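The block underneath contains the structure these notes are about, expressed in structure tokens.
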Amino acid sequence: GFSVRTYKTKMYSVGGSVLYFSAVGNPADWTGTGSGSIDLSLEDSDMTDCTALEVYYDKLAILSKTATQLWQIDPDPLKNQYVQTLRDAGTVAWRSVLQYGSGDVMYVAPSGIRSLRARNASLAAAVSDIGSPLDPVIQQLFRSLGEDWMSGTMSFLQPVTGRFWVILPDRIYILSAFPGPTITAWSQYEPGFNITAAAVYQHRIMVRDDQNNIYAYGGADGLTYDDCPVEVIFPFHAGDQPATNKRYTGINAACQGQWEVSAGFNPIDDSAEDYLGLLDGPNFVGGKFPMYGESTHMSLRLRCFSDGPASISNMIVHYD
């Protein structure tokens, strides 16, 4: 097989159109009691080039390049039951398939970073999936670099922060999703070298480059910071009144580190922005950070070039 997964006392292996499973409690025995195989293409012709396996709630999700089948699995092969096929829910990057959250499965598809739960519930992947903000980027990468390059994509869950990492050969996309404060944001990291492999070890993500050097995110102690520039760009906001002109007067923020603050007031030109000044730490007590501009929409851009930890907890924009 091409991909293997342990599930419900058996080892499962998928390759081509066939799902193989070992004997109960013995991953080395593929001919004994409870072992066998299932031809997935008998249920749907899209399952002839299967690439990955993952647990989806109480079912086993089997992904091909163009579709996903869900199966109800039982130690008794006679009780295995086909549930459904989800079309346009496949992947060529078998290492990108990863269980996320309470049971959802995330994976990288030619259309973007997809969520199996959203695809299963609404059948509207481009609208419902949590990876929708990155869809244009992923689609362009598939068009320009091809299937072979994208097939090396890997996904990991950072065990300390719970962030979802999507590692491509030359960049890393990281999802920060916190339902309590309603924060959902994607970050892009550029390591400066080509990544060929990665793993989670001692609660940290380790990567290997094409020169066989190994890097640990956060350094030897996991708390090492450098002066790598950080850029935060907010989308254009209209304050729930997109057709109303507004006069912006100031900002209050809870942040750590020094941030250069700029603002864009022209939604037609994303590159146009005005430099506002330097924000150094929280400013709720000292008064609002001044900002002058008029527009229907406004986009904040914050950049940090200093070493040490830098964070933004919240921001309040004042306007009339």
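Just so we're on the same page: first chain in the structure tokens is A, next is B, and so on; residues restart at 1 for each chain, and ligands are numbered from 1 in the order they show up.
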Just the strand (DSSP E or B) stuff from segment 69-112 of chain A, please, per backbone DSSP, written as a VMD selection string. chain A and resid 69 to 72 81 to 87 98 to 100 104 to 109 112
Can I get the residues of segment 83-111 of chain A within 12 Å of segment 175-198 of chain A, each with the closest pair of atoms and their distance in Å to one decimal, using only C-alpha atoms, sorted chain first then ascending number, as JSON lines?
```
{"residue": "A:Arg95", "atom": "CA", "partner": "A:Ala197", "partner_atom": "CA", "distance": 10.2}
{"residue": "A:Ser96", "atom": "CA", "partner": "A:Ala198", "partner_atom": "CA", "distance": 11.5}
{"residue": "A:Tyr100", "atom": "CA", "partner": "A:Ala177", "partner_atom": "CA", "distance": 10.9}
{"residue": "A:Gly101", "atom": "CA", "partner": "A:Ala177", "partner_atom": "CA", "distance": 9.9}
{"residue": "A:Met106", "atom": "CA", "partner": "A:Leu175", "partner_atom": "CA", "distance": 11.2}
```
Please produce a file of those selected residues containing all heavy atoms, as a short mmCIF file (atom, residue, chain, number, x, y, z; two decimals), in the first residue's frame.
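Below is the file selection14.cif, written as the result:
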```cif
data_model
loop_
_atom_site.label_atom_id
_atom_site.label_comp_id
_atom_site.auth_asym_id
_atom_site.auth_seq_id
_atom_site.Cartn_x
_atom_site.Cartn_y
_atom_site.Cartn_z
N ARG A 95 0.73 13.48 3.08
CA ARG A 95 1.19 13.86 4.42
C ARG A 95 0.49 15.12 4.93
O ARG A 95 0.73 15.54 6.06
CB ARG A 95 2.70 14.06 4.42
CG ARG A 95 3.48 12.77 4.27
CD ARG A 95 4.98 12.99 4.30
NE ARG A 95 5.45 13.75 3.14
CZ ARG A 95 6.71 14.08 2.92
NH1 ARG A 95 7.64 13.73 3.80
NH2 ARG A 95 7.06 14.75 1.84
N SER A 96 -0.36 15.74 4.12
CA SER A 96 -1.09 16.93 4.57
C SER A 96 -2.39 16.57 5.27
O SER A 96 -3.03 17.44 5.87
CB SER A 96 -1.40 17.83 3.37
OG SER A 96 -2.43 17.28 2.56
N TYR A 100 -7.94 17.31 13.03
CA TYR A 100 -7.80 18.61 13.66
C TYR A 100 -9.04 18.89 14.51
O TYR A 100 -10.16 18.64 14.08
CB TYR A 100 -7.62 19.70 12.61
CG TYR A 100 -7.55 21.11 13.15
CD1 TYR A 100 -6.44 21.53 13.87
CD2 TYR A 100 -8.59 22.01 12.97
CE1 TYR A 100 -6.37 22.82 14.37
CE2 TYR A 100 -8.52 23.29 13.47
CZ TYR A 100 -7.41 23.70 14.16
OH TYR A 100 -7.34 24.97 14.68
N GLY A 101 -8.82 19.43 15.71
CA GLY A 101 -9.94 19.77 16.58
C GLY A 101 -10.60 18.53 17.14
O GLY A 101 -9.96 17.53 17.48
N MET A 106 -8.30 17.99 8.16
CA MET A 106 -7.81 19.04 7.27
C MET A 106 -6.87 18.41 6.25
O MET A 106 -6.13 17.47 6.57
CB MET A 106 -7.09 20.12 8.06
CG MET A 106 -7.91 20.76 9.17
SD MET A 106 -9.01 22.06 8.61
CE MET A 106 -7.83 23.39 8.37
#
```
Point out the residue among A:Ala118, A:Met206, A:Ile130, A:Ile62 with the least atom-to-atom distance to Gln158 of chain A, counting only C-alpha atoms.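 Residue with the minimum atom-to-atom distance to Gln158 of chain A: A:Met206.
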Just to confirm, what's the straight-line distance from atom CA of Gly131 of chain A to atom CA of Ser64 of chain A in Å (one decimal)? 19.7 Å
Residues at most 12 Å from segment 301-311 of chain A, counting only C-alpha atoms, excluding those fewer than 3 positions away in the same chain, as number ranges by chain? A: 218, 223-236, 253-265, 270-282, 298, 314-315
Looking only at helix (DSSP H, G or I) from DSSP on the backbone, list the matching residues of segment 41-223 of chain A as number ranges by chain. A: 41-42, 77-79, 94-96, 116-122, 125-128, 132-150
Find, counting only C-alpha atoms, the residue in A:Leu78, A:Leu86, A:Val166, A:Ile251 that gets nearest to Arg117 of chain A. A:Leu86
